[in-house]
>>> print(open('coords03.tsv').read())   # TSV, C-alpha atoms
chain	number	residue	atom	x	y	z
A	1	MET	CA	-14.42	-7.70	-2.87
A	2	PRO	CA	-15.91	-9.51	-5.90
A	3	LEU	CA	-16.29	-13.26	-5.46
A	4	ALA	CA	-13.86	-13.95	-8.33
A	5	ASP	CA	-11.09	-12.19	-6.37
A	6	HIS	CA	-11.40	-14.85	-3.64
A	7	LEU	CA	-10.64	-17.67	-6.09
A	8	LEU	CA	-7.13	-18.88	-6.82
A	9	THR	CA	-5.58	-21.93	-8.49
A	10	LEU	CA	-2.21	-23.37	-7.46
A	11	ARG	CA	-1.15	-26.29	-9.67
A	12	ARG	CA	1.80	-27.85	-11.45
A	13	ASP	CA	1.54	-27.00	-15.14
A	14	VAL	CA	1.16	-30.14	-17.25
A	15	HIS	CA	3.28	-28.74	-20.07
A	16	SER	CA	6.16	-26.90	-18.36
A	17	GLY	CA	6.18	-28.74	-15.04
A	18	GLU	CA	6.28	-25.39	-13.20
A	19	VAL	CA	4.20	-24.76	-10.08
A	20	LEU	CA	1.95	-21.83	-11.01
A	21	ALA	CA	-0.56	-19.75	-9.05
A	22	ARG	CA	-3.25	-17.72	-10.80
A	23	GLY	CA	-5.94	-15.39	-9.52
A	24	GLY	CA	-6.66	-13.78	-6.19
A	25	ALA	CA	-6.64	-10.13	-5.13
A	26	PRO	CA	-5.62	-8.00	-3.40
A	27	GLU	CA	-3.61	-9.79	-0.66
A	28	ALA	CA	-2.88	-12.98	-2.58
A	29	PRO	CA	0.11	-11.66	-4.59
A	30	SER	CA	1.82	-10.48	-1.41
A	31	VAL	CA	1.15	-13.78	0.35
A	32	LEU	CA	2.59	-15.71	-2.59
A	33	GLN	CA	5.67	-13.51	-2.90
A	34	ARG	CA	6.38	-13.81	0.83
A	35	THR	CA	6.15	-17.58	0.45
A	36	GLY	CA	8.87	-17.55	-2.20
A	37	PHE	CA	6.89	-17.21	-5.45
A	38	VAL	CA	7.99	-14.95	-8.32
A	39	LEU	CA	5.64	-12.59	-10.14
A	40	VAL	CA	5.38	-13.09	-13.92
A	41	ALA	CA	3.86	-10.09	-15.74
A	42	ARG	CA	2.69	-10.83	-19.27
A	43	LEU	CA	0.88	-8.50	-21.64
A	44	HIS	CA	-2.53	-10.03	-20.98
A	45	GLU	CA	-2.10	-11.77	-17.62
A	46	HIS	CA	-0.20	-11.81	-14.36
A	47	TYR	CA	0.56	-14.98	-12.42
A	48	HIS	CA	3.14	-16.37	-9.98
A	49	ARG	CA	5.60	-19.24	-10.27
A	50	LEU	CA	8.07	-20.89	-7.95
A	51	PRO	CA	11.74	-20.00	-8.52
A	52	THR	CA	13.78	-22.17	-10.85
A	53	GLY	CA	16.29	-24.66	-9.46
A	54	LEU	CA	14.21	-26.02	-6.55
A	55	ASP	CA	13.94	-29.75	-6.00
A	56	GLU	CA	10.49	-31.32	-5.93
A	57	GLY	CA	10.42	-31.56	-2.14
A	58	GLU	CA	11.10	-27.85	-1.71
A	59	GLU	CA	8.51	-26.99	-4.34
A	60	GLN	CA	5.91	-29.03	-2.48
A	61	ARG	CA	6.85	-27.45	0.84
A	62	ARG	CA	6.48	-23.90	-0.51
A	63	ALA	CA	3.30	-24.61	-2.43
A	64	THR	CA	1.68	-26.29	0.59
A	65	ARG	CA	2.66	-23.40	2.81
A	66	ALA	CA	1.16	-20.95	0.31
A	67	VAL	CA	-2.13	-22.88	0.40
A	68	ALA	CA	-2.14	-22.77	4.21
A	69	ARG	CA	-1.47	-19.02	4.26
A	70	LEU	CA	-3.99	-18.16	1.54
A	71	ARG	CA	-6.79	-20.15	3.15
A	72	ALA	CA	-6.02	-18.50	6.48
A	73	VAL	CA	-7.00	-15.16	4.92
A	74	HIS	CA	-10.17	-16.66	3.39
A	75	TYR	CA	-9.14	-17.45	-0.18
A	76	HIS	CA	-10.65	-20.46	-1.92
A	77	VAL	CA	-7.61	-22.27	-3.32
A	78	ASP	CA	-8.06	-24.96	-5.97
A	79	CYS	CA	-4.80	-26.90	-5.79
A	80	ASP	CA	-3.12	-30.19	-6.66
A	81	GLU	CA	-3.65	-32.96	-4.14
A	82	ALA	CA	0.06	-32.87	-3.29
A	83	PHE	CA	-0.29	-29.26	-2.10
A	84	ASP	CA	-3.58	-29.64	-0.23
A	85	THR	CA	-3.51	-29.15	3.53
A	86	GLY	CA	-5.91	-28.65	6.40
A	87	ARG	CA	-3.36	-26.47	8.17
A	88	ARG	CA	-3.91	-22.70	8.42
A	89	GLU	CA	-0.84	-20.55	8.87
A	90	PRO	CA	-1.51	-17.03	10.20
A	91	TYR	CA	-0.34	-14.31	7.86
A	92	GLU	CA	1.28	-11.58	9.92
A	93	LEU	CA	0.96	-7.98	8.79
A	94	PRO	CA	4.18	-7.08	6.93
A	95	LEU	CA	6.35	-4.04	7.48
A	96	GLY	CA	4.76	-2.33	4.49
A	97	ALA	CA	1.39	-2.34	6.29
A	98	GLN	CA	2.92	-0.23	9.07
A	99	VAL	CA	4.13	2.32	6.53
A	100	ALA	CA	0.75	2.26	4.77
A	101	HIS	CA	-0.85	3.12	8.12
A	102	LEU	CA	0.81	6.53	7.82
A	103	ALA	CA	-1.49	7.23	4.87
A	104	GLU	CA	-4.54	6.48	7.01
A	105	ARG	CA	-3.24	8.81	9.71
A	106	LEU	CA	-2.77	11.54	7.11
A	107	ARG	CA	-6.37	11.07	5.95
A	108	GLN	CA	-7.49	11.70	9.55
A	109	ALA	CA	-5.10	14.59	10.29
A	110	THR	CA	-6.88	17.83	11.23
A	111	THR	CA	-3.93	20.24	11.50
A	112	THR	CA	-0.71	20.95	9.63
A	113	ASP	CA	1.21	20.00	12.79
A	114	ASP	CA	-0.40	16.56	12.72
A	115	ALA	CA	0.52	16.09	9.04
A	116	ALA	CA	4.10	17.28	9.64
A	117	ASP	CA	4.55	14.76	12.47
A	118	ILE	CA	3.38	11.93	10.21
A	119	LEU	CA	5.67	12.94	7.31
A	120	THR	CA	8.56	13.11	9.78
A	121	GLU	CA	8.36	9.31	10.01
A	122	LEU	CA	9.34	9.25	6.33
A	123	THR	CA	11.90	12.05	6.27
A	124	ALA	CA	13.74	11.85	9.61
A	125	THR	CA	17.43	12.11	8.76
A	126	HIS	CA	18.76	9.34	11.01
A	127	ASP	CA	16.01	6.73	11.14
A	128	GLY	CA	13.20	7.76	8.79
A	129	VAL	CA	11.65	5.33	6.34
A	130	LEU	CA	13.41	6.86	3.30
A	131	THR	CA	16.80	6.83	5.02
A	132	ALA	CA	16.28	3.16	5.90
A	133	LEU	CA	15.27	2.43	2.31
A	134	GLY	CA	18.53	3.98	1.12
A	135	ASP	CA	20.46	1.72	3.49
A	136	VAL	CA	18.64	-1.32	2.10
A	137	LEU	CA	19.50	-0.35	-1.49
A	138	VAL	CA	23.18	0.09	-0.64
A	139	ALA	CA	23.24	-3.23	1.23
A	140	ALA	CA	21.66	-4.94	-1.79
A	141	ALA	CA	24.32	-3.37	-4.02
A	142	ASP	CA	27.06	-4.67	-1.73
A	143	PHE	CA	25.50	-8.14	-1.91
A	144	TYR	CA	25.44	-8.11	-5.72
A	145	GLU	CA	28.96	-6.74	-6.08
A	146	HIS	CA	30.79	-10.05	-5.86
A	147	LEU	CA	28.23	-12.67	-6.93
A	148	GLY	CA	30.27	-13.40	-10.04
A	149	GLN	CA	27.77	-13.06	-12.88
A	150	PRO	CA	28.65	-10.61	-15.71
A	151	SER	CA	25.62	-8.41	-15.01
A	152	ASP	CA	26.06	-8.29	-11.23
A	153	ARG	CA	28.34	-5.24	-11.17
A	154	TYR	CA	25.89	-3.35	-13.37
A	155	THR	CA	23.02	-4.28	-11.02
A	156	ALA	CA	25.06	-3.12	-8.02
A	157	LYS	CA	25.83	0.17	-9.77
A	158	ARG	CA	22.15	0.67	-10.62
A	159	LEU	CA	21.09	0.05	-7.02
A	160	ARG	CA	23.59	2.62	-5.75
A	161	HIS	CA	22.32	5.10	-8.32
A	162	LEU	CA	18.78	4.63	-7.04
A	163	ALA	CA	19.95	5.21	-3.48
A	164	GLU	CA	21.87	8.35	-4.36
A	165	LYS	CA	19.87	10.34	-6.94
A	166	PRO	CA	16.18	9.38	-7.30
A	167	LEU	CA	15.79	8.55	-3.61
A	168	GLN	CA	17.64	11.71	-2.52
A	169	THR	CA	15.39	13.80	-4.77
A	170	LEU	CA	12.31	12.19	-3.26
A	171	TRP	CA	13.63	12.73	0.27
A	172	SER	CA	14.49	16.38	-0.44
A	173	ASP	CA	11.07	17.20	-1.91
A	174	LEU	CA	9.17	15.42	0.84
A	175	ALA	CA	11.31	16.98	3.59
A	176	HIS	CA	10.57	20.43	2.13
A	177	THR	CA	6.86	19.61	2.20
A	178	ARG	CA	7.10	18.44	5.80
A	179	ASN	CA	8.95	21.59	6.87
A	180	ASP	CA	6.39	23.79	5.13
A	181	LEU	CA	3.59	22.10	7.06
A	182	ALA	CA	5.53	22.36	10.34
A	183	ASP	CA	5.79	26.15	9.93
A	184	ARG	CA	2.09	26.79	9.23
A	185	HIS	CA	0.37	25.83	12.52
A	186	GLN	CA	-3.11	25.93	11.05
A	187	PRO	CA	-6.16	23.69	11.09
A	188	HIS	CA	-7.27	21.94	7.95
A	189	THR	CA	-10.01	23.88	6.24
A	190	THR	CA	-12.43	20.94	5.85
A	191	ARG	CA	-11.58	18.76	8.87
A	192	ARG	CA	-12.12	19.18	12.56
A	193	PRO	CA	-11.30	16.93	15.53
A	194	CYS	CA	-14.08	15.17	17.43
A	195	THR	CA	-14.57	15.75	21.14
A	196	ALA	CA	-14.59	12.76	23.44
A	197	GLU	CA	-18.25	13.29	24.28
A	198	THR	CA	-21.12	11.59	22.55
A	199	GLY	CA	-24.13	13.54	21.48
A	200	PRO	CA	-27.78	12.51	21.69
A	201	GLY	CA	-28.36	9.35	19.71
A	202	GLU	CA	-24.63	8.74	19.09
A	203	THR	CA	-22.89	5.48	19.88
A	204	GLU	CA	-19.61	5.41	21.74
A	205	ALA	CA	-17.75	4.28	18.61
A	206	SER	CA	-18.79	7.34	16.69
A	207	ALA	CA	-17.05	9.62	19.16
A	208	VAL	CA	-13.60	8.44	18.13
A	209	ARG	CA	-14.10	8.77	14.39
A	210	ALA	CA	-13.13	11.84	12.45
A	211	CYS	CA	-15.96	14.31	12.45
A	212	PRO	CA	-17.40	15.47	9.16
A	213	PRO	CA	-16.56	19.01	8.13
A	214	PRO	CA	-18.80	21.65	9.67
A	215	GLN	CA	-21.77	22.61	7.57
A	216	ILE	CA	-21.41	26.11	6.22
A	217	PRO	CA	-24.80	27.70	5.60
A	218	THR	CA	-25.31	28.83	2.06
A	219	ILE	CA	-26.69	32.28	1.36
A	220	PRO	CA	-29.20	32.25	-1.47
A	221	SER	CA	-28.34	34.53	-4.29
A	222	ALA	CA	-30.52	37.58	-4.75
A	223	LEU	CA	-33.53	37.08	-6.96
A	224	PRO	CA	-33.31	38.82	-10.33
A	225	THR	CA	-34.99	42.19	-10.31
A	226	THR	CA	-37.93	42.88	-12.58
A	227	PRO	CA	-37.10	45.53	-15.18
A	228	ALA	CA	-38.71	48.88	-14.42
A	229	PRO	CA	-41.49	49.83	-16.84
A	230	THR	CA	-40.47	52.35	-19.44
A	231	GLY	CA	-43.90	53.89	-19.74
A	232	ARG	CA	-43.86	53.47	-23.52
A	233	ARG	CA	-46.45	51.39	-25.34
A	234	ARG	CA	-46.20	49.87	-28.75
>>> encode(input="coords03.tsv", output="structure tokens")
Amino acid sequence: MPLADHLLTLRRDVHSGEVLARGGAPEAPSVLQRTGFVLVARLHEHYHRLPTGLDEGEEQRRATRAVARLRAVHYHVDCDEAFDTGRREPYELPLGAQVAHLAERLRQATTTDDAADILTELTATHDGVLTALGDVLVAAADFYEHLGQPSDRYTAKRLRHLAEKPLQTLWSDLAHTRNDLADRHQPHTTRRPCTAETGPGETEASAVRACPPPQIPTIPSALPTTPAPTGRRR
């Protein structure tokens, strides 16, 4: 990671009075958002701010907690004195990291059966990831339904639309892909599983990593033939 990505500022803006965080990648945005900050996406920059309507004490509590979490994952945070802390708060891996692990398992899969099993975690009808996501969207719609703002009913309707049509289309396509893989029962053409044994000169750790694809010897193409003499002279 470039050094600049480890740097982050978290200060109260002298003009607007807002508590703003700038910089940091790639974990910093997630840490900030899980500490209550809101992403602001401008044309030429992205940054985070605390939500509106907080009293100064709550702003300080959230900003200080963000500093503690960011420094725990090795970010250099330049912050206001009011937000500085020597505390380090462990940042637990979020639920999304567990889902992202499915991608790593797919990258290591060596058969269509392996890949189908992994995609089943997304497409299982009763408790797959996509089914659960649909439940979350509907629950969010129910929450919005009676909040009382003029736009809340529209937001609730939009959330239900996402749960019904786009998400159902995604689930249907991915389930079809999973079923196709489940029916094939074939090894991947460029991957092979490693045995548990180590070869000469190998370390124990190398035995549990995915093996490189087998080397297929190449057959040199035939050399071009020399044209037969015609027997004619010029």
>>> closest_residue(input="coords03.tsv", among="A:His46, A:Arg12, A:His6, A:Lys157", to="A:Glu59", atoms="all atoms listed in the file")
A:Arg12
>>> residues_around(input="coords03.tsv", residues="A:Thr110", least_positions_apart="6", cutoff="8 Å", atoms="all atoms listed in the file", output="MDAnalysis selection string")
chainID A and resid 187:188 191:193
>>> axis_aligned_box(input="coords03.tsv", around="stretch 42-59 of chain A", padding_each_side="3 Å", output="lines of an AutoDock Vina configuration file")
center_x = 6.9
center_y = -20.0
center_z = -11.7
size_x = 24.8
size_y = 29.1
size_z = 25.9
>>> atom_distance(input="coords03.tsv", atom1="atom CA of A:Leu102", atom2="atom CA of A:His185")
19.9 Å
>>> atom_distance(input="coords03.tsv", atom1="atom CA of A:Tyr75", atom2="atom CA of A:Ala103")
26.3 Å
>>> residues_around(input="coords03.tsv", residues="stretch 174-176 of chain A", least_positions_apart="4", cutoff="7 Å", atoms="all atoms listed in the file", output="number ranges by chain")
A: 123, 170, 180
>>> write_last_selection(input="coords03.tsv", atoms="C-alpha atoms", output="PDB file, in the coordinates of the input")
ATOM      1  CA  THR A 123      11.900  12.050   6.270  1.00  0.00           C
ATOM      2  CA  LEU A 170      12.310  12.190  -3.260  1.00  0.00           C
ATOM      3  CA  ASP A 180       6.390  23.790   5.130  1.00  0.00           C
TER       4      ASP A 180
END
>>> atom_distance(input="coords03.tsv", atom1="atom CA of A:Leu133", atom2="atom CA of A:Arg42")
28.3 Å
>>> residues_around(input="coords03.tsv", residues="A:Thr35", least_positions_apart="3", cutoff="8 Å", atoms="all atoms listed in the file", output="short mmCIF file (atom, residue, chain, number, x, y, z; two decimals) with C-alpha atoms, keeping the file's coordinate frame")
data_model
loop_
_atom_site.label_atom_id
_atom_site.label_comp_id
_atom_site.auth_asym_id
_atom_site.auth_seq_id
_atom_site.Cartn_x
_atom_site.Cartn_y
_atom_site.Cartn_z
CA VAL A 31 1.15 -13.78 0.35
CA LEU A 32 2.59 -15.71 -2.59
CA ARG A 62 6.48 -23.90 -0.51
CA ARG A 65 2.66 -23.40 2.81
CA ALA A 66 1.16 -20.95 0.31
#
>>> residues_around(input="coords03.tsv", residues="A:Glu145", least_positions_apart="2", cutoff="12 Å", atoms="only C-alpha atoms", output="mmCIF file with C-alpha atoms, in the coordinates of the input")
data_model
loop_
_atom_site.group_PDB
_atom_site.id
_atom_site.type_symbol
_atom_site.label_atom_id
_atom_site.label_comp_id
_atom_site.auth_asym_id
_atom_site.auth_seq_id
_atom_site.Cartn_x
_atom_site.Cartn_y
_atom_site.Cartn_z
ATOM 1 C CA VAL A 138 23.180 0.090 -0.640
ATOM 2 C CA ALA A 139 23.240 -3.230 1.230
ATOM 3 C CA ALA A 140 21.660 -4.940 -1.790
ATOM 4 C CA ALA A 141 24.320 -3.370 -4.020
ATOM 5 C CA ASP A 142 27.060 -4.670 -1.730
ATOM 6 C CA PHE A 143 25.500 -8.140 -1.910
ATOM 7 C CA LEU A 147 28.230 -12.670 -6.930
ATOM 8 C CA GLY A 148 30.270 -13.400 -10.040
ATOM 9 C CA GLN A 149 27.770 -13.060 -12.880
ATOM 10 C CA PRO A 150 28.650 -10.610 -15.710
ATOM 11 C CA SER A 151 25.620 -8.410 -15.010
ATOM 12 C CA ASP A 152 26.060 -8.290 -11.230
ATOM 13 C CA ARG A 153 28.340 -5.240 -11.170
ATOM 14 C CA TYR A 154 25.890 -3.350 -13.370
ATOM 15 C CA THR A 155 23.020 -4.280 -11.020
ATOM 16 C CA ALA A 156 25.060 -3.120 -8.020
ATOM 17 C CA LYS A 157 25.830 0.170 -9.770
ATOM 18 C CA ARG A 158 22.150 0.670 -10.620
ATOM 19 C CA LEU A 159 21.090 0.050 -7.020
ATOM 20 C CA ARG A 160 23.590 2.620 -5.750
#
>>> residues_near_point(input="coords03.tsv", point="(3.7, 17.5, 9.0)", cutoff="8 Å", atoms="only C-alpha atoms", output="NGL selection string")
:A and (112-120 or 177-182)
>>> residues_around(input="coords03.tsv", residues="A:Trp171", least_positions_apart="5", cutoff="10 Å", atoms="all atoms listed in the file", output="PDB file with C-alpha atoms, in the frame of the given file")
ATOM      1  CA  LEU A 122       9.340   9.250   6.330  1.00  0.00           C
ATOM      2  CA  THR A 123      11.900  12.050   6.270  1.00  0.00           C
ATOM      3  CA  ALA A 124      13.740  11.850   9.610  1.00  0.00           C
ATOM      4  CA  THR A 125      17.430  12.110   8.760  1.00  0.00           C
ATOM      5  CA  GLY A 128      13.200   7.760   8.790  1.00  0.00           C
ATOM      6  CA  VAL A 129      11.650   5.330   6.340  1.00  0.00           C
ATOM      7  CA  LEU A 130      13.410   6.860   3.300  1.00  0.00           C
ATOM      8  CA  THR A 131      16.800   6.830   5.020  1.00  0.00           C
ATOM      9  CA  LYS A 165      19.870  10.340  -6.940  1.00  0.00           C
ATOM     10  CA  PRO A 166      16.180   9.380  -7.300  1.00  0.00           C
ATOM     11  CA  HIS A 176      10.570  20.430   2.130  1.00  0.00           C
ATOM     12  CA  THR A 177       6.860  19.610   2.200  1.00  0.00           C
TER      13      THR A 177
END
>>> closest_residue(input="coords03.tsv", among="A:Leu137, A:Thr190, A:Pro90, A:Gly57", to="A:Thr111", atoms="all atoms listed in the file")
A:Thr190
